[in-house]
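Data block for model30.cif (mmCIF, C-alpha atoms and all ligand atoms):
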```
data_protein
loop_
_atom_site.label_atom_id
_atom_site.label_comp_id
_atom_site.auth_asym_id
_atom_site.auth_seq_id
_atom_site.Cartn_x
_atom_site.Cartn_y
_atom_site.Cartn_z
CA MET A 23 125.95 57.65 -59.36
CA THR A 24 123.40 54.95 -59.92
CA VAL A 25 124.43 51.32 -60.04
CA VAL A 26 124.00 51.47 -63.84
CA GLU A 27 126.34 54.42 -64.36
CA ASP A 28 128.89 52.70 -62.14
CA LEU A 29 129.19 49.63 -64.39
CA ASP A 30 132.25 49.08 -66.54
CA TRP A 31 130.67 50.32 -69.77
CA THR A 32 133.90 50.18 -71.74
CA HIS A 33 134.03 46.44 -71.11
CA ILE A 34 130.29 45.94 -71.63
CA GLU A 35 130.31 47.78 -74.96
CA ALA A 36 133.38 45.87 -76.14
CA GLU A 37 131.65 42.55 -75.32
CA LEU A 38 128.42 43.58 -77.02
CA GLU A 39 130.34 44.67 -80.11
CA SER A 40 132.39 41.49 -80.30
CA VAL A 41 129.95 38.73 -79.23
CA GLY A 42 126.48 40.33 -78.92
CA HIS A 43 126.11 39.88 -75.18
CA ALA A 44 127.73 41.02 -71.92
CA VAL A 45 127.43 40.10 -68.26
CA ALA A 46 127.11 43.05 -65.89
CA GLY A 47 126.53 43.70 -62.26
CA PRO A 48 125.22 42.62 -59.84
CA LEU A 49 122.53 45.19 -60.56
CA LEU A 50 120.34 44.08 -57.66
CA ASP A 51 121.35 43.03 -54.14
CA ALA A 52 120.19 39.77 -52.58
CA GLU A 53 117.33 41.46 -50.73
CA SER A 54 115.95 43.14 -53.86
CA CYS A 55 116.21 39.87 -55.81
CA LYS A 56 114.25 38.08 -53.12
CA ALA A 57 111.63 40.83 -52.93
CA LEU A 58 111.12 40.84 -56.71
CA ALA A 59 110.91 37.04 -56.94
CA GLY A 60 108.46 37.16 -54.03
CA LEU A 61 106.09 39.32 -56.08
CA TYR A 62 105.44 36.36 -58.36
CA GLU A 63 102.66 34.90 -56.22
CA GLN A 64 100.80 38.23 -56.16
CA ASN A 65 98.34 39.39 -58.81
CA ILE A 66 98.15 43.16 -58.37
CA PRO A 67 101.57 44.09 -59.90
CA PHE A 68 100.88 42.17 -63.13
CA ARG A 69 98.79 42.57 -66.28
CA SER A 70 98.94 38.96 -67.49
CA ARG A 71 100.29 35.47 -66.85
CA VAL A 72 101.63 33.12 -69.52
CA VAL A 73 101.88 29.36 -69.02
CA MET A 74 104.63 28.52 -71.50
CA GLU A 75 103.54 24.95 -72.20
CA ARG A 76 100.16 26.14 -73.54
CA HIS A 77 101.88 28.11 -76.30
CA GLY A 78 104.74 25.74 -77.06
CA PHE A 79 107.19 28.27 -75.56
CA GLY A 80 108.72 25.71 -73.18
CA LYS A 81 107.70 24.79 -69.64
CA GLY A 82 107.36 27.21 -66.75
CA GLU A 83 105.51 30.49 -66.56
CA TYR A 84 105.91 34.23 -66.57
CA LYS A 85 103.96 37.36 -65.72
CA TYR A 86 104.12 40.78 -67.38
CA PHE A 87 104.20 43.70 -64.96
CA ASN A 88 101.57 46.39 -65.13
CA HIS A 89 102.00 50.09 -64.38
CA PRO A 90 103.18 51.31 -61.96
CA LEU A 91 106.32 49.21 -62.47
CA PRO A 92 108.17 48.26 -59.24
CA ASP A 93 110.85 50.78 -58.21
CA PRO A 94 113.90 48.64 -59.06
CA ILE A 95 112.67 48.24 -62.64
CA THR A 96 112.06 51.94 -63.24
CA ALA A 97 115.37 52.74 -61.55
CA LEU A 98 117.27 50.44 -63.93
CA ARG A 99 115.42 50.72 -67.22
CA GLY A 100 115.96 54.42 -68.04
CA PRO A 101 119.69 54.47 -67.17
CA LEU A 102 120.31 51.17 -69.00
CA TYR A 103 118.54 52.50 -72.09
CA ARG A 104 120.54 55.75 -71.97
CA ARG A 105 123.83 53.81 -72.02
CA LEU A 106 122.70 51.36 -74.71
CA ALA A 107 121.03 53.78 -77.16
CA PRO A 108 124.34 55.00 -78.72
CA LEU A 109 125.37 51.38 -79.36
CA ALA A 110 121.91 50.63 -80.81
CA ASN A 111 122.44 53.57 -83.17
CA ARG A 112 125.88 52.35 -84.21
CA TRP A 113 124.44 48.91 -84.93
CA ALA A 114 121.58 50.35 -86.98
CA ALA A 115 124.00 52.47 -89.02
CA ALA A 116 126.38 49.54 -89.57
CA MET A 117 123.48 47.39 -90.81
CA GLY A 118 122.33 50.11 -93.19
CA LEU A 119 119.06 50.65 -91.32
CA ASP A 120 117.37 54.06 -91.18
CA THR A 121 116.12 53.68 -87.61
CA ARG A 122 117.79 55.84 -84.95
CA TYR A 123 116.99 55.65 -81.25
CA PRO A 124 116.34 58.74 -79.11
CA ALA A 125 118.68 59.45 -76.21
CA GLU A 126 116.05 58.92 -73.51
CA HIS A 127 113.83 55.94 -72.84
CA ALA A 128 110.73 58.12 -72.30
CA GLU A 129 111.08 59.38 -75.88
CA PHE A 130 111.48 55.85 -77.20
CA LEU A 131 108.31 54.78 -75.36
CA GLU A 132 106.44 57.64 -77.04
CA ARG A 133 107.49 56.13 -80.37
CA CYS A 134 106.17 52.72 -79.24
CA HIS A 135 102.88 54.26 -78.17
CA ALA A 136 102.47 56.13 -81.47
CA ALA A 137 102.93 52.75 -83.20
CA GLY A 138 100.14 51.24 -81.08
CA GLN A 139 102.54 49.45 -78.70
CA MET A 140 101.14 50.53 -75.35
CA ARG A 141 101.59 47.63 -72.94
CA PRO A 142 104.57 47.32 -70.56
CA THR A 143 106.92 44.38 -71.22
CA PRO A 144 109.07 43.97 -68.09
CA LEU A 145 108.40 40.45 -66.84
CA LEU A 146 109.06 37.98 -64.08
CA LEU A 147 109.79 34.37 -65.03
CA LYS A 148 109.51 31.32 -62.80
CA TYR A 149 110.97 27.90 -63.50
CA ASP A 150 110.50 24.73 -61.44
CA PRO A 151 112.36 21.42 -61.90
CA GLY A 152 111.94 20.20 -65.49
CA ASP A 153 111.09 23.69 -66.77
CA TYR A 154 112.90 25.39 -69.65
CA ASN A 155 112.49 28.30 -72.07
CA CYS A 156 112.73 27.53 -75.80
CA LEU A 157 114.97 29.67 -77.98
CA HIS A 158 113.02 32.78 -78.93
CA GLN A 159 113.11 36.50 -79.65
CA ASP A 160 111.11 39.09 -77.72
CA LEU A 161 109.62 41.08 -80.58
CA TYR A 162 106.27 42.67 -79.78
CA GLY A 163 105.57 44.82 -82.81
CA GLU A 164 107.34 46.83 -85.51
CA THR A 165 109.09 49.06 -83.00
CA VAL A 166 111.99 47.19 -81.43
CA PHE A 167 114.93 48.29 -79.31
CA PRO A 168 117.77 45.93 -80.36
CA LEU A 169 119.11 45.11 -76.87
CA GLN A 170 117.49 43.71 -73.77
CA VAL A 171 118.45 42.66 -70.26
CA ALA A 172 117.72 39.65 -68.03
CA ILE A 173 118.63 39.59 -64.33
CA LEU A 174 118.96 36.38 -62.32
CA LEU A 175 116.95 36.56 -59.08
CA SER A 176 117.87 33.14 -57.61
CA VAL A 177 121.18 31.75 -56.32
CA PRO A 178 122.67 29.31 -58.84
CA GLY A 179 123.91 26.07 -57.31
CA SER A 180 122.02 26.45 -54.04
CA GLU A 181 118.52 27.65 -54.95
CA PHE A 182 118.48 25.88 -58.31
CA ALA A 183 120.63 23.73 -60.61
CA GLY A 184 120.62 23.60 -64.41
CA GLY A 185 118.58 26.45 -65.88
CA GLU A 186 121.40 28.15 -67.76
CA PHE A 187 120.86 31.20 -69.89
CA VAL A 188 121.59 30.24 -73.51
CA LEU A 189 122.17 32.47 -76.52
CA THR A 190 122.48 31.36 -80.10
CA GLU A 191 123.86 33.25 -83.03
CA GLN A 192 123.28 32.45 -86.64
CA ARG A 193 125.57 33.84 -89.32
CA PRO A 194 124.26 33.96 -92.87
CA ARG A 195 124.16 30.50 -94.48
CA MET A 196 125.72 28.91 -91.40
CA GLN A 197 124.45 26.65 -88.64
CA SER A 198 123.65 28.09 -85.21
CA ARG A 199 126.24 28.41 -82.48
CA ALA A 200 125.18 28.32 -78.80
CA THR A 201 126.76 30.09 -75.83
CA VAL A 202 125.90 29.44 -72.19
CA VAL A 203 126.09 32.59 -70.10
CA PRO A 204 126.82 31.89 -66.41
CA LEU A 205 125.14 34.40 -64.11
CA GLY A 206 125.42 35.04 -60.38
CA LEU A 207 122.63 36.32 -58.15
CA GLY A 208 121.53 39.79 -59.25
CA GLU A 209 123.79 39.75 -62.30
CA ALA A 210 122.48 40.82 -65.67
CA VAL A 211 123.04 39.58 -69.16
CA ILE A 212 122.66 42.33 -71.74
CA PHE A 213 122.06 40.83 -75.18
CA ALA A 214 120.95 41.37 -78.75
CA VAL A 215 117.21 40.92 -79.25
CA ASP A 216 117.47 39.99 -82.92
CA GLN A 217 120.09 41.22 -85.38
CA ARG A 218 123.50 42.79 -84.92
CA PRO A 219 126.28 43.70 -87.34
CA VAL A 220 129.54 41.77 -87.60
CA GLN A 221 132.53 43.06 -89.60
CA GLY A 222 133.73 40.41 -92.00
CA THR A 223 136.61 40.52 -94.47
CA ARG A 224 134.11 41.34 -97.24
CA GLY A 225 132.13 43.96 -95.34
CA THR A 226 129.48 43.96 -92.67
CA TYR A 227 126.97 41.16 -92.35
CA ARG A 228 124.05 40.56 -90.02
CA VAL A 229 123.99 37.93 -87.32
CA ARG A 230 120.71 36.76 -85.86
CA HIS A 231 120.33 35.91 -82.18
CA ARG A 232 117.87 33.91 -80.10
CA HIS A 233 117.87 33.25 -76.38
CA GLY A 234 116.40 30.70 -73.98
CA VAL A 235 117.01 28.73 -70.81
CA SER A 236 118.17 25.12 -70.46
CA THR A 237 116.19 22.71 -68.29
CA VAL A 238 116.14 23.43 -64.56
CA ARG A 239 117.22 20.25 -62.84
CA SER A 240 116.29 21.15 -59.26
CA GLY A 241 114.97 24.04 -57.16
CA ALA A 242 113.27 27.18 -58.39
CA ARG A 243 114.76 29.79 -60.70
CA TYR A 244 113.35 33.32 -61.05
CA THR A 245 114.43 35.97 -63.55
CA LEU A 246 113.54 39.58 -64.23
CA GLY A 247 113.34 40.45 -67.91
CA ILE A 248 113.79 44.08 -68.94
CA ILE A 249 112.71 44.73 -72.51
CA PHE A 250 112.81 48.33 -73.69
CA HIS A 251 109.97 48.34 -76.25
CA ASP A 252 106.32 48.22 -75.19
CA ALA A 253 104.03 45.59 -76.70
CA ALA A 254 101.12 45.82 -79.13
O1 LIG B 1 114.86 33.30 -67.68
C1 LIG B 1 115.75 33.76 -68.39
O2 LIG B 1 116.93 33.77 -68.05
C2 LIG B 1 115.42 34.29 -69.76
C3 LIG B 1 114.22 35.13 -69.70
C4 LIG B 1 113.81 35.69 -71.02
O3 LIG B 1 113.55 35.02 -71.97
C5 LIG B 1 113.75 37.16 -71.11
O4 LIG B 1 114.05 37.86 -70.14
O5 LIG B 1 113.38 37.64 -72.19
FE FE B 2 113.01 36.28 -73.65
#
```

This entry written out as structure tokens:
Amino acid sequence: MTVVEDLDWTHIEAELESVGHAVAGPLLDAESCKALAGLYEQNIPFRSRVVMERHGFGKGEYKYFNHPLPDPITALRGPLYRRLAPLANRWAAAMGLDTRYPAEHAEFLERCHAAGQMRPTPLLLKYDPGDYNCLHQDLYGETVFPLQVAILLSVPGSEFAGGEFVLTEQRPRMQSRATVVPLGLGEAVIFAVDQRPVQGTRGTYRVRHRHGVSTVRSGARYTLGIIFHDAA
């Protein structure tokens, strides 16, 4: 069994259904986390670098991986997709959307490519003291898989302080509610990219999510982002 198949999917699905996010893992051991974070200073594995401050995205930077994606990413992305696709389909049906997601990630990528979304989206993020990531959604075109994953590659408390993963949810006509998601080294947060259905007393309504990272107070924080749709 892969590490992904070994996870407690009953618990993960229940969390995703009830609150729109779930903590899982660790999905990567300390050595793999260190090796991935260590790639940041290289250029070859990446297709582009984004300095967040230049775009008003926050402070800090990230790099999008190019093909071939590093082994740990390919090893995780297909199995994670396979487990999440049925939930994505239940969410789409509950929200009255026509979209249905294929069982396998390779098929979903074909759909992205047919829609002109050809560029890989897995990314490595790096935050230094004072850096933060504004609340946002990772939408890169019309074709969107409704769940994504972020894995913490640094040790909280010793390698960095602050820098908490934050999720907000907005119910129709209500103000936003924030949740801080504590993560350990190599742990993943699986979360809603944009909308998810919530059962209310008068039927199903849609909740909108955003995510970001609070200010890093000291040290360096690295994260691996696994997004399932390719980008235009
Ligand atoms: O650094 C983080 O924890 C969040 C990264 C992020 O925005 C993402 O993976 O999409
Ligand atoms: Fe993001």

Problem set entry | Contact residues around region 83-96 of chain A with all atoms listed in the file at 6 Å, ignoring same-chain residues under 4 positions, as a ChimeraX atom specification | /A:67-74,143-148

Problem set entry | Shell of 7 Å around ligand LIG 1 (chain B) (all atoms listed in the file), written as a VMD selection string | chain A and resid 147 155 160 171 to 172 174 187 233 to 235 244 to 248

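For the pair CA of Ala242 (chain A) and CA of Val25 (chain A), the interatomic distance is 26.6 Å.
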
With a cut-off of 10 Å, could you pull out the residues of region 132-223 of chain A touching region 100-103 of chain A and give me the nearest pair of atoms for each, distance in Å to one decimal, using only C-alpha atoms, ordered by chain and ascending number, as a tab-separated table?
```
residue	atom	partner	partner_atom	distance
A:Phe167	CA	A:Tyr103	CA	9.1
A:Leu169	CA	A:Tyr103	CA	8.8
A:Gln170	CA	A:Tyr103	CA	9.0
A:Val171	CA	A:Leu102	CA	8.8
A:Ile212	CA	A:Leu102	CA	9.5
```

Restrict the calculation to only C-alpha atoms, then for each residue of region 30-120 of chain A with any atom at most 7 Å from an atom of region 175-179 of chain A give the closest atom pair and their distance in Å to one decimal, rows by chain and rising residue number, as JSON lines.
```
{"residue": "A:Cys55", "atom": "CA", "partner": "A:Leu175", "partner_atom": "CA", "distance": 4.7}
{"residue": "A:Lys56", "atom": "CA", "partner": "A:Leu175", "partner_atom": "CA", "distance": 6.7}
{"residue": "A:Ala59", "atom": "CA", "partner": "A:Leu175", "partner_atom": "CA", "distance": 6.4}
```

Residues just named, written with C-alpha atoms as a PDB file, in the frame of the given file:
```pdb
ATOM      1  CA  CYS A  55     116.210  39.870 -55.810  1.00  0.00           C
ATOM      2  CA  LYS A  56     114.250  38.080 -53.120  1.00  0.00           C
ATOM      3  CA  ALA A  59     110.910  37.040 -56.940  1.00  0.00           C
TER       4      ALA A  59
END
```

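Minimum distance to ligand FE 2 (chain B) across A:Arg199, A:His43, A:His158, A:Arg122 (counting only C-alpha atoms and all ligand atoms) occurs at A:His158.
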
For this session: Extract, using all atoms listed in the file, all DNA, RNA and protein residues at most 10 Å from His33 (chain A), discarding same-chain residues fewer than 4 positions from it, and format them as a ChimeraX atom specification.
Result: /A:29,37-39,44-46

Shell of 9 Å around Thr201 (chain A), only C-alpha atoms, local chain residues under 4 positions omitted, as a compact mmCIF listing (two decimals) with C-alpha atoms, in the coordinates of the input:
```
# COMPACT_ATOMS: atom_id res chain seq x y z
CA PHE A 187 120.86 31.20 -69.89
CA VAL A 188 121.59 30.24 -73.51
CA LEU A 189 122.17 32.47 -76.52
CA THR A 190 122.48 31.36 -80.10
CA GLU A 191 123.86 33.25 -83.03
```

For this session: Show which residues sit within 8 Å of Glu209 (chain A), as a PyMOL selection string. Count only C-alpha atoms, and ignore same-chain residues fewer than 3 positions away.
Result: chain A and resi 45-50+173-174+205-206

Exercise. Which one of A:Arg230, A:Pro124, A:Gly80, A:Val238 sits closest to ligand FE 2 (chain B) if you count all atoms listed in the file?
Worked result: A:Gly80

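If you look at CA of Gly241 (chain A) and CA of Asp153 (chain A), they are 10.4 Å away from each other.
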
Find the axis-aligned box for region 199-207 of chain A, covering all its listed atoms and adding 3 Å on each side, and write its centre and edge lengths in Å to one decimal as AutoDock Vina command-line options.
```
--center_x 124.7 --center_y 32.3 --center_z -70.3 --size_x 10.2 --size_y 14.0 --size_z 30.3
```

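The two atoms in question, CA of Val166 (chain A) and CA of Leu98 (chain A), are spaced 18.6 Å apart.
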
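Each of A:Phe79, A:Asn65, A:Glu129, A:Gly118 was compared to ligand FE 2 (chain B) using only C-alpha atoms and all ligand atoms, and A:Phe79 turns out to be the nearest.
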
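Among the candidate residues A:Arg105, A:Val215, A:Asp252, A:Leu207, the one lying nearest to Glu53 (chain A) is A:Leu207, with distances computed using all atoms listed in the file.
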
Can you fill out region 142-166 of chain A with N, CA and C atoms and hand it back as a short mmCIF file (atom, residue, chain, number, x, y, z; two decimals), in the coordinates of the input?
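Heads up, here's the output in part13.cif:
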```
data_model
loop_
_atom_site.label_atom_id
_atom_site.label_comp_id
_atom_site.auth_asym_id
_atom_site.auth_seq_id
_atom_site.Cartn_x
_atom_site.Cartn_y
_atom_site.Cartn_z
N PRO A 142 103.21 47.50 -71.11
CA PRO A 142 104.57 47.32 -70.56
C PRO A 142 105.05 45.88 -70.71
N THR A 143 106.35 45.71 -70.96
CA THR A 143 106.92 44.38 -71.22
C THR A 143 107.86 43.82 -70.15
N PRO A 144 108.27 44.61 -69.12
CA PRO A 144 109.07 43.97 -68.09
C PRO A 144 108.32 42.76 -67.51
N LEU A 145 109.07 41.69 -67.26
CA LEU A 145 108.40 40.45 -66.84
C LEU A 145 109.20 39.70 -65.81
N LEU A 146 108.46 38.85 -65.08
CA LEU A 146 109.06 37.98 -64.08
C LEU A 146 108.82 36.55 -64.54
N LEU A 147 109.91 35.76 -64.58
CA LEU A 147 109.79 34.37 -65.03
C LEU A 147 110.07 33.42 -63.89
N LYS A 148 109.37 32.30 -63.89
CA LYS A 148 109.51 31.32 -62.80
C LYS A 148 109.65 29.93 -63.39
N TYR A 149 110.72 29.24 -62.99
CA TYR A 149 110.97 27.90 -63.50
C TYR A 149 111.10 26.94 -62.33
N ASP A 150 110.39 25.80 -62.41
CA ASP A 150 110.50 24.73 -61.44
C ASP A 150 111.30 23.58 -62.07
N PRO A 151 111.60 22.54 -61.30
CA PRO A 151 112.36 21.42 -61.90
C PRO A 151 111.68 20.90 -63.17
N GLY A 152 112.47 20.69 -64.21
CA GLY A 152 111.94 20.20 -65.49
C GLY A 152 111.53 21.33 -66.43
N ASP A 153 111.52 22.56 -65.93
CA ASP A 153 111.09 23.69 -66.77
C ASP A 153 112.24 24.21 -67.63
N TYR A 154 111.90 24.83 -68.73
CA TYR A 154 112.90 25.39 -69.65
C TYR A 154 112.21 26.44 -70.52
N ASN A 155 113.02 27.24 -71.21
CA ASN A 155 112.49 28.30 -72.07
C ASN A 155 113.09 28.09 -73.47
N CYS A 156 112.25 27.78 -74.43
CA CYS A 156 112.73 27.53 -75.80
C CYS A 156 113.40 28.77 -76.38
N LEU A 157 114.30 28.54 -77.31
CA LEU A 157 114.97 29.67 -77.98
C LEU A 157 113.92 30.55 -78.65
N HIS A 158 114.05 31.86 -78.42
CA HIS A 158 113.02 32.78 -78.93
C HIS A 158 113.61 34.18 -79.06
N GLN A 159 112.78 35.08 -79.59
CA GLN A 159 113.11 36.50 -79.65
C GLN A 159 111.93 37.27 -79.09
N ASP A 160 112.20 38.31 -78.31
CA ASP A 160 111.11 39.09 -77.72
C ASP A 160 110.78 40.30 -78.59
N LEU A 161 110.05 40.02 -79.66
CA LEU A 161 109.62 41.08 -80.58
C LEU A 161 108.11 41.23 -80.37
N TYR A 162 107.68 42.46 -80.12
CA TYR A 162 106.27 42.67 -79.78
C TYR A 162 105.60 43.68 -80.69
N GLY A 163 106.12 43.83 -81.89
CA GLY A 163 105.57 44.82 -82.81
C GLY A 163 106.69 45.29 -83.72
N GLU A 164 106.37 46.29 -84.55
CA GLU A 164 107.34 46.83 -85.51
C GLU A 164 108.47 47.59 -84.81
N THR A 165 108.12 48.23 -83.71
CA THR A 165 109.09 49.06 -83.00
C THR A 165 109.85 48.19 -81.99
N VAL A 166 111.15 48.10 -82.21
CA VAL A 166 111.99 47.19 -81.43
C VAL A 166 113.26 47.92 -81.00
#
```
